[in-house]
There are 2 protein chains.
Amino acid sequence: MRIGEVATATGLTTKTLRFYEDRGLLPSADRSSNGYRHYGDDTLARLDFIRRSRVAGLTLAQIRDVLKVRDGGQAPCMHVSALLANQITDLDRQIAELVALRSTVADLHDATVAADPAACDSGRICSYL
Amino acid sequence: MRIGEVATATGLTTKTLRFYEDRGLLPSADRSSNGYRHYGDDTLARLDFIRRSRVAGLTLAQIRDVLKVRDGGQAPCMHVSALLANQITDLDRQIAELVALRSTVADLHDATVAADPAACDSGRICSYL
DNA sequence: CTGCACCTTCCACTACACTGGAAGGTCAAG
DNA sequence: CTTGACCTTCCAGTGTAGTGGAAGGTGCAG
């Protein structure tokens, strides 16, 4: 398959496919005599793996590392398991931060709603923030 | 005060202060005859406002707009109130996304823990993702 | 032979908030 | 007079995941 066909089959753009190659998620593609990239069907499975991994919130760098393990002939199970565990820890931290921020902002907003406009001219630019 | 003193007083770097000026959060500073920036004490209040706004998760562009309203002589109350309301909506959306993602990733991780390593060699690169 | 779709590379740009470094001017102390 | 701590400007890079466009080669139909 040429790059455009892979793009159509996966819903990605040719730009993105070249970008993935550049970032090491796809191996350097075989070329026909005219220089066009040429892909086998295994590429579609690989791109679907990349898609699933993206949906799971992994970065391209993380996905690249998993693929590198796999391409080295090793089953990436342990690696993937550890990666997902880290991912969960990260997500919990991010969620906690956002929830705390939400609470802070909600308090600030409540103050703006129940406010005396005259207070606006204190020396702190805005009395609500 | 010179820029270094402001930096020390606020805990920011001189780089950041020049950057804020460039982005319109600080007005073009007065200069001494040698070209050095020269700040009044009101700058500290302004930078503290910027700090509080940053803590509330506002972007520099949003803070700049609030300051522009304020510098125009208007009390930015209504503007700030609307901004905070938007911010809460955004945060709720982000939190919901992260919670959903956390659930997806947790399910994937559970599968890796309770797994049969032999399944790793199916044609999908990694059977867990 | 000309148009069109397709492919190639390379460079720049997006948003965000800085940060690093080069090259040079200023000022007080020793 | 030199050292060192300041200050100035400007350019470039960080990380993320691409996107946009220029300039040019390839291959097939009409």
# chains A, B, ... in the order shown; residues from 1 in each chain; ligands from 1
>>> select_by_dssp(residues="chain A", states="strand (DSSP E or B)", output="PyMOL selection string")
chain A and resi 30-31+37-38
>>> write_last_selection(atoms="N, CA and C atoms", output="JSON list (two decimals), in the first residue's frame")
[["chain", "number", "residue", "atom", "x", "y", "z"],
["A", 30, "ASP", "N", 9.70, 0.91, 3.56],
["A", 30, "ASP", "CA", 10.31, 0.49, 2.30],
["A", 30, "ASP", "C", 9.91, 1.49, 1.22],
["A", 31, "ARG", "N", 10.80, 1.61, 0.22],
["A", 31, "ARG", "CA", 10.48, 2.54, -0.87],
["A", 31, "ARG", "C", 10.42, 1.79, -2.20],
["A", 37, "ARG", "N", 6.84, 5.64, -0.44],
["A", 37, "ARG", "CA", 6.76, 4.69, 0.68],
["A", 37, "ARG", "C", 5.81, 3.55, 0.33],
["A", 38, "HIS", "N", 6.15, 2.38, 0.84],
["A", 38, "HIS", "CA", 5.40, 1.17, 0.52],
["A", 38, "HIS", "C", 5.18, 0.38, 1.81]]
>>> residues_around(residues="Phe19 of chain B", least_positions_apart="4", cutoff="12 Å", atoms="only C-alpha atoms (C1' of nucleotides)", output="number ranges by chain")
B: 3, 12-15, 23-28, 60; C: 17-19
>>> atom_distance(atom1="atom C1' of DT8 of chain C", atom2="atom CA of Tyr36 of chain A")
7.4 Å
>>> closest_residue(among="B:Ala29, B:Val105, B:Leu58, B:Leu47", to="Leu83 of chain B", atoms="only C-alpha atoms")
B:Leu58
>>> interface_residues(of="chain D", to="chain A", cutoff="10 Å", atoms="only C-alpha atoms (C1' of nucleotides)", output="JSON list (two decimals) with N, CA and C atoms (P, O5', C5', C4', C3', O3' and C1' of nucleotides), in the first residue's frame")
[["chain", "number", "residue", "atom", "x", "y", "z"],
["D", 16, "DT", "P", 6.68, 15.49, 25.74],
["D", 16, "DT", "O5'", 5.31, 15.69, 24.95],
["D", 16, "DT", "C5'", 4.28, 16.44, 25.52],
["D", 16, "DT", "C4'", 3.21, 16.69, 24.47],
["D", 16, "DT", "C3'", 3.23, 15.69, 23.32],
["D", 16, "DT", "O3'", 2.02, 14.96, 23.33],
["D", 16, "DT", "C1'", 3.05, 17.93, 22.53],
["D", 17, "DA", "P", 1.96, 13.55, 22.51],
["D", 17, "DA", "O5'", 1.31, 14.03, 21.14],
["D", 17, "DA", "C5'", 0.02, 14.64, 21.17],
["D", 17, "DA", "C4'", -0.26, 15.21, 19.80],
["D", 17, "DA", "C3'", 0.08, 14.26, 18.64],
["D", 17, "DA", "O3'", -0.95, 14.33, 17.66],
["D", 17, "DA", "C1'", 1.07, 16.31, 18.29],
["D", 18, "DG", "P", -1.13, 13.10, 16.67],
["D", 18, "DG", "O5'", 0.02, 13.40, 15.60],
["D", 18, "DG", "C5'", -0.30, 14.00, 14.37],
["D", 18, "DG", "C4'", -0.53, 15.49, 14.53],
["D", 18, "DG", "C3'", -0.91, 16.20, 13.25],
["D", 18, "DG", "O3'", -2.30, 16.48, 13.27],
["D", 18, "DG", "C1'", 0.64, 17.45, 14.58],
["D", 19, "DT", "P", -3.07, 16.70, 11.91],
["D", 19, "DT", "O5'", -2.64, 18.19, 11.48],
["D", 19, "DT", "C5'", -3.13, 19.30, 12.21],
["D", 19, "DT", "C4'", -2.70, 20.57, 11.49],
["D", 19, "DT", "C3'", -2.99, 20.55, 9.99],
["D", 19, "DT", "O3'", -3.63, 21.78, 9.69],
["D", 19, "DT", "C1'", -0.73, 21.09, 10.37],
["D", 25, "DG", "P", 12.09, 18.29, -10.26],
["D", 25, "DG", "O5'", 11.59, 16.81, -9.97],
["D", 25, "DG", "C5'", 12.32, 15.99, -9.05],
["D", 25, "DG", "C4'", 11.53, 14.72, -8.78],
["D", 25, "DG", "C3'", 11.21, 13.91, -10.05],
["D", 25, "DG", "O3'", 11.31, 12.52, -9.73],
["D", 25, "DG", "C1'", 9.21, 14.49, -8.95],
["D", 26, "DT", "P", 11.03, 11.44, -10.89],
["D", 26, "DT", "O5'", 9.50, 11.09, -10.66],
["D", 26, "DT", "C5'", 9.11, 10.41, -9.47],
["D", 26, "DT", "C4'", 7.78, 9.70, -9.68],
["D", 26, "DT", "C3'", 7.64, 8.95, -11.01],
["D", 26, "DT", "O3'", 6.94, 7.76, -10.73],
["D", 26, "DT", "C1'", 5.90, 10.50, -10.81]]
>>> select_by_dssp(residues="chain A", states="helix (DSSP H, G or I)", output="PyMOL selection string")
chain A and resi 3-10+14-22+42-55+60-71+77-113+117-121
>>> residues_around(residues="DT2 of chain C", least_positions_apart="3", cutoff="12 Å", atoms="only C-alpha atoms (C1' of nucleotides)", output="compact mmCIF listing (two decimals) with N, CA and C atoms (P, O5', C5', C4', C3', O3' and C1' of nucleotides), in the first residue's frame")
# COMPACT_ATOMS: atom_id res chain seq x y z
P DC D 28 1.44 4.24 -14.30
O5' DC D 28 -0.06 4.51 -14.74
C5' DC D 28 -1.03 4.95 -13.79
C4' DC D 28 -2.00 5.93 -14.43
C3' DC D 28 -2.47 5.54 -15.85
O3' DC D 28 -3.87 5.48 -15.86
C1' DC D 28 -1.84 7.81 -15.77
P DA D 29 -4.63 4.96 -17.23
O5' DA D 29 -5.49 6.24 -17.56
C5' DA D 29 -6.23 6.91 -16.53
C4' DA D 29 -6.92 8.14 -17.09
C3' DA D 29 -7.57 7.93 -18.46
O3' DA D 29 -8.84 8.60 -18.49
C1' DA D 29 -5.89 9.61 -18.62
P DG D 30 -9.73 8.49 -19.84
O5' DG D 30 -9.46 9.87 -20.55
C5' DG D 30 -9.67 11.11 -19.85
C4' DG D 30 -9.25 12.27 -20.76
C3' DG D 30 -9.86 12.22 -22.17
O3' DG D 30 -10.23 13.54 -22.56
C1' DG D 30 -7.53 12.30 -22.32
>>> closest_residue(among="A:Ser81, A:Thr10, A:Thr89, A:Ser33", to="chain B", atoms="only C-alpha atoms")
A:Ser81
>>> residues_around(residues="DA12 of chain D", least_positions_apart="3", cutoff="12 Å", atoms="only C-alpha atoms (C1' of nucleotides)", output="ChimeraX atom specification")
/C:19-22
>>> write_last_selection(atoms="C-alpha atoms (C1' of nucleotides)", output="mmCIF file, in the first residue's frame")
data_model
loop_
_atom_site.group_PDB
_atom_site.id
_atom_site.type_symbol
_atom_site.label_atom_id
_atom_site.label_comp_id
_atom_site.auth_asym_id
_atom_site.auth_seq_id
_atom_site.Cartn_x
_atom_site.Cartn_y
_atom_site.Cartn_z
ATOM 1 C "C1'" DT C 19 14.062 29.504 29.753
ATOM 2 C "C1'" DG C 20 18.920 29.711 27.946
ATOM 3 C "C1'" DG C 21 22.427 31.957 25.935
ATOM 4 C "C1'" DA C 22 25.070 35.319 23.208
#
>>> atom_distance(atom1="atom CA of Ala45 of chain A", atom2="atom CA of Asn86 of chain A")
25.2 Å
>>> decode(residues="segment 7-125 of chain A", atoms="C-alpha atoms", output="PDB file, in the first residue's frame")
ATOM      1  CA  ALA A   7      -4.123   7.186   5.358  1.00  0.00           C
ATOM      2  CA  THR A   8      -7.556   6.404   3.941  1.00  0.00           C
ATOM      3  CA  ALA A   9      -7.668   3.024   5.647  1.00  0.00           C
ATOM      4  CA  THR A  10      -6.795   4.440   9.064  1.00  0.00           C
ATOM      5  CA  GLY A  11      -8.381   7.866   8.925  1.00  0.00           C
ATOM      6  CA  LEU A  12      -5.004   9.506   9.546  1.00  0.00           C
ATOM      7  CA  THR A  13      -3.373  11.960   7.171  1.00  0.00           C
ATOM      8  CA  THR A  14      -0.241  11.276   5.126  1.00  0.00           C
ATOM      9  CA  LYS A  15       1.379  14.058   7.138  1.00  0.00           C
ATOM     10  CA  THR A  16       0.680  12.211  10.355  1.00  0.00           C
ATOM     11  CA  LEU A  17       2.051   8.944   8.989  1.00  0.00           C
ATOM     12  CA  ARG A  18       5.341  10.585   7.988  1.00  0.00           C
ATOM     13  CA  PHE A  19       5.369  12.287  11.367  1.00  0.00           C
ATOM     14  CA  TYR A  20       4.940   8.935  13.143  1.00  0.00           C
ATOM     15  CA  GLU A  21       7.814   7.546  11.114  1.00  0.00           C
ATOM     16  CA  ASP A  22       9.927  10.528  12.087  1.00  0.00           C
ATOM     17  CA  ARG A  23       9.081   9.989  15.749  1.00  0.00           C
ATOM     18  CA  GLY A  24      10.003   6.315  15.597  1.00  0.00           C
ATOM     19  CA  LEU A  25       6.499   4.865  15.915  1.00  0.00           C
ATOM     20  CA  LEU A  26       6.663   3.436  12.423  1.00  0.00           C
ATOM     21  CA  PRO A  27       9.873   1.879  11.089  1.00  0.00           C
ATOM     22  CA  SER A  28      11.504   3.532   8.072  1.00  0.00           C
ATOM     23  CA  ALA A  29       9.170   2.512   5.292  1.00  0.00           C
ATOM     24  CA  ASP A  30      10.307   0.487   2.300  1.00  0.00           C
ATOM     25  CA  ARG A  31      10.482   2.542  -0.868  1.00  0.00           C
ATOM     26  CA  SER A  32       9.521   1.674  -4.433  1.00  0.00           C
ATOM     27  CA  SER A  33      11.951   2.607  -7.196  1.00  0.00           C
ATOM     28  CA  ASN A  34      10.305   6.024  -7.489  1.00  0.00           C
ATOM     29  CA  GLY A  35      10.907   6.740  -3.831  1.00  0.00           C
ATOM     30  CA  TYR A  36       7.304   6.294  -2.731  1.00  0.00           C
ATOM     31  CA  ARG A  37       6.764   4.689   0.679  1.00  0.00           C
ATOM     32  CA  HIS A  38       5.396   1.168   0.517  1.00  0.00           C
ATOM     33  CA  TYR A  39       3.579  -0.496   3.446  1.00  0.00           C
ATOM     34  CA  GLY A  40       2.546  -4.034   4.319  1.00  0.00           C
ATOM     35  CA  ASP A  41      -0.716  -4.943   6.058  1.00  0.00           C
ATOM     36  CA  ASP A  42       1.039  -5.279   9.424  1.00  0.00           C
ATOM     37  CA  THR A  43       1.293  -1.497   9.371  1.00  0.00           C
ATOM     38  CA  LEU A  44      -2.472  -1.268   9.776  1.00  0.00           C
ATOM     39  CA  ALA A  45      -2.344  -3.416  12.928  1.00  0.00           C
ATOM     40  CA  ARG A  46       0.489  -1.272  14.215  1.00  0.00           C
ATOM     41  CA  LEU A  47      -1.422   1.922  13.575  1.00  0.00           C
ATOM     42  CA  ASP A  48      -4.476   0.488  15.259  1.00  0.00           C
ATOM     43  CA  PHE A  49      -2.332  -0.302  18.284  1.00  0.00           C
ATOM     44  CA  ILE A  50      -1.113   3.273  18.238  1.00  0.00           C
ATOM     45  CA  ARG A  51      -4.693   4.503  18.038  1.00  0.00           C
ATOM     46  CA  ARG A  52      -5.790   2.347  20.980  1.00  0.00           C
ATOM     47  CA  SER A  53      -2.808   3.534  22.984  1.00  0.00           C
ATOM     48  CA  ARG A  54      -3.606   7.184  22.201  1.00  0.00           C
ATOM     49  CA  VAL A  55      -7.178   6.598  23.381  1.00  0.00           C
ATOM     50  CA  ALA A  56      -5.684   5.294  26.637  1.00  0.00           C
ATOM     51  CA  GLY A  57      -3.927   8.627  26.964  1.00  0.00           C
ATOM     52  CA  LEU A  58      -0.393   7.443  26.271  1.00  0.00           C
ATOM     53  CA  THR A  59       2.006   9.893  24.660  1.00  0.00           C
ATOM     54  CA  LEU A  60       3.686   9.113  21.356  1.00  0.00           C
ATOM     55  CA  ALA A  61       6.968   8.717  23.233  1.00  0.00           C
ATOM     56  CA  GLN A  62       5.448   6.124  25.538  1.00  0.00           C
ATOM     57  CA  ILE A  63       3.888   4.254  22.638  1.00  0.00           C
ATOM     58  CA  ARG A  64       7.187   4.346  20.791  1.00  0.00           C
ATOM     59  CA  ASP A  65       8.892   2.736  23.777  1.00  0.00           C
ATOM     60  CA  VAL A  66       6.323  -0.040  23.984  1.00  0.00           C
ATOM     61  CA  LEU A  67       6.747  -0.684  20.266  1.00  0.00           C
ATOM     62  CA  LYS A  68      10.506  -0.740  20.657  1.00  0.00           C
ATOM     63  CA  VAL A  69      10.229  -3.475  23.276  1.00  0.00           C
ATOM     64  CA  ARG A  70       7.859  -5.390  21.061  1.00  0.00           C
ATOM     65  CA  ASP A  71      10.067  -4.912  17.990  1.00  0.00           C
ATOM     66  CA  GLY A  72      12.999  -6.232  20.020  1.00  0.00           C
ATOM     67  CA  GLY A  73      11.169  -9.544  20.128  1.00  0.00           C
ATOM     68  CA  GLN A  74      10.073  -9.202  23.738  1.00  0.00           C
ATOM     69  CA  ALA A  75       6.470  -9.261  24.844  1.00  0.00           C
ATOM     70  CA  PRO A  76       5.911  -5.770  26.247  1.00  0.00           C
ATOM     71  CA  CYS A  77       3.429  -6.982  28.907  1.00  0.00           C
ATOM     72  CA  MET A  78       5.403  -5.997  31.981  1.00  0.00           C
ATOM     73  CA  HIS A  79       6.374  -2.709  30.445  1.00  0.00           C
ATOM     74  CA  VAL A  80       2.794  -1.941  29.475  1.00  0.00           C
ATOM     75  CA  SER A  81       1.506  -2.914  32.894  1.00  0.00           C
ATOM     76  CA  ALA A  82       3.967  -0.584  34.639  1.00  0.00           C
ATOM     77  CA  LEU A  83       3.195   2.176  32.153  1.00  0.00           C
ATOM     78  CA  LEU A  84      -0.518   1.901  32.815  1.00  0.00           C
ATOM     79  CA  ALA A  85       0.047   1.896  36.570  1.00  0.00           C
ATOM     80  CA  ASN A  86       2.058   5.126  36.230  1.00  0.00           C
ATOM     81  CA  GLN A  87      -0.619   6.522  33.993  1.00  0.00           C
ATOM     82  CA  ILE A  88      -3.249   5.897  36.658  1.00  0.00           C
ATOM     83  CA  THR A  89      -1.111   7.576  39.307  1.00  0.00           C
ATOM     84  CA  ASP A  90      -0.620  10.568  37.023  1.00  0.00           C
ATOM     85  CA  LEU A  91      -4.305  10.780  36.251  1.00  0.00           C
ATOM     86  CA  ASP A  92      -5.228  10.631  39.929  1.00  0.00           C
ATOM     87  CA  ARG A  93      -2.834  13.464  40.639  1.00  0.00           C
ATOM     88  CA  GLN A  94      -4.130  15.546  37.739  1.00  0.00           C
ATOM     89  CA  ILE A  95      -7.730  14.941  38.733  1.00  0.00           C
ATOM     90  CA  ALA A  96      -7.020  15.906  42.339  1.00  0.00           C
ATOM     91  CA  GLU A  97      -5.322  19.099  41.163  1.00  0.00           C
ATOM     92  CA  LEU A  98      -8.189  20.027  38.891  1.00  0.00           C
ATOM     93  CA  VAL A  99     -10.784  19.299  41.547  1.00  0.00           C
ATOM     94  CA  ALA A 100      -8.934  21.515  44.009  1.00  0.00           C
ATOM     95  CA  LEU A 101      -8.629  24.234  41.382  1.00  0.00           C
ATOM     96  CA  ARG A 102     -12.313  23.900  40.571  1.00  0.00           C
ATOM     97  CA  SER A 103     -13.146  24.435  44.196  1.00  0.00           C
ATOM     98  CA  THR A 104     -10.912  27.509  44.418  1.00  0.00           C
ATOM     99  CA  VAL A 105     -12.371  29.014  41.280  1.00  0.00           C
ATOM    100  CA  ALA A 106     -15.933  28.231  42.344  1.00  0.00           C
ATOM    101  CA  ASP A 107     -15.342  30.052  45.634  1.00  0.00           C
ATOM    102  CA  LEU A 108     -13.953  33.046  43.763  1.00  0.00           C
ATOM    103  CA  HIS A 109     -16.906  33.019  41.417  1.00  0.00           C
ATOM    104  CA  ASP A 110     -19.395  32.816  44.282  1.00  0.00           C
ATOM    105  CA  ALA A 111     -17.777  35.927  45.742  1.00  0.00           C
ATOM    106  CA  THR A 112     -18.254  37.823  42.466  1.00  0.00           C
ATOM    107  CA  VAL A 113     -21.931  36.945  42.383  1.00  0.00           C
ATOM    108  CA  ALA A 114     -22.647  38.057  45.954  1.00  0.00           C
ATOM    109  CA  ALA A 115     -20.574  41.195  45.667  1.00  0.00           C
ATOM    110  CA  ASP A 116     -20.642  44.843  46.460  1.00  0.00           C
ATOM    111  CA  PRO A 117     -19.327  46.638  43.353  1.00  0.00           C
ATOM    112  CA  ALA A 118     -17.943  49.426  45.513  1.00  0.00           C
ATOM    113  CA  ALA A 119     -15.274  47.063  46.811  1.00  0.00           C
ATOM    114  CA  CYS A 120     -13.685  47.006  43.336  1.00  0.00           C
ATOM    115  CA  ASP A 121     -11.526  50.021  43.957  1.00  0.00           C
ATOM    116  CA  SER A 122      -9.293  48.636  46.652  1.00  0.00           C
ATOM    117  CA  GLY A 123      -5.623  48.650  45.721  1.00  0.00           C
ATOM    118  CA  ARG A 124      -5.553  45.050  44.584  1.00  0.00           C
ATOM    119  CA  ILE A 125      -6.633  45.519  40.938  1.00  0.00           C
TER     120      ILE A 125
END
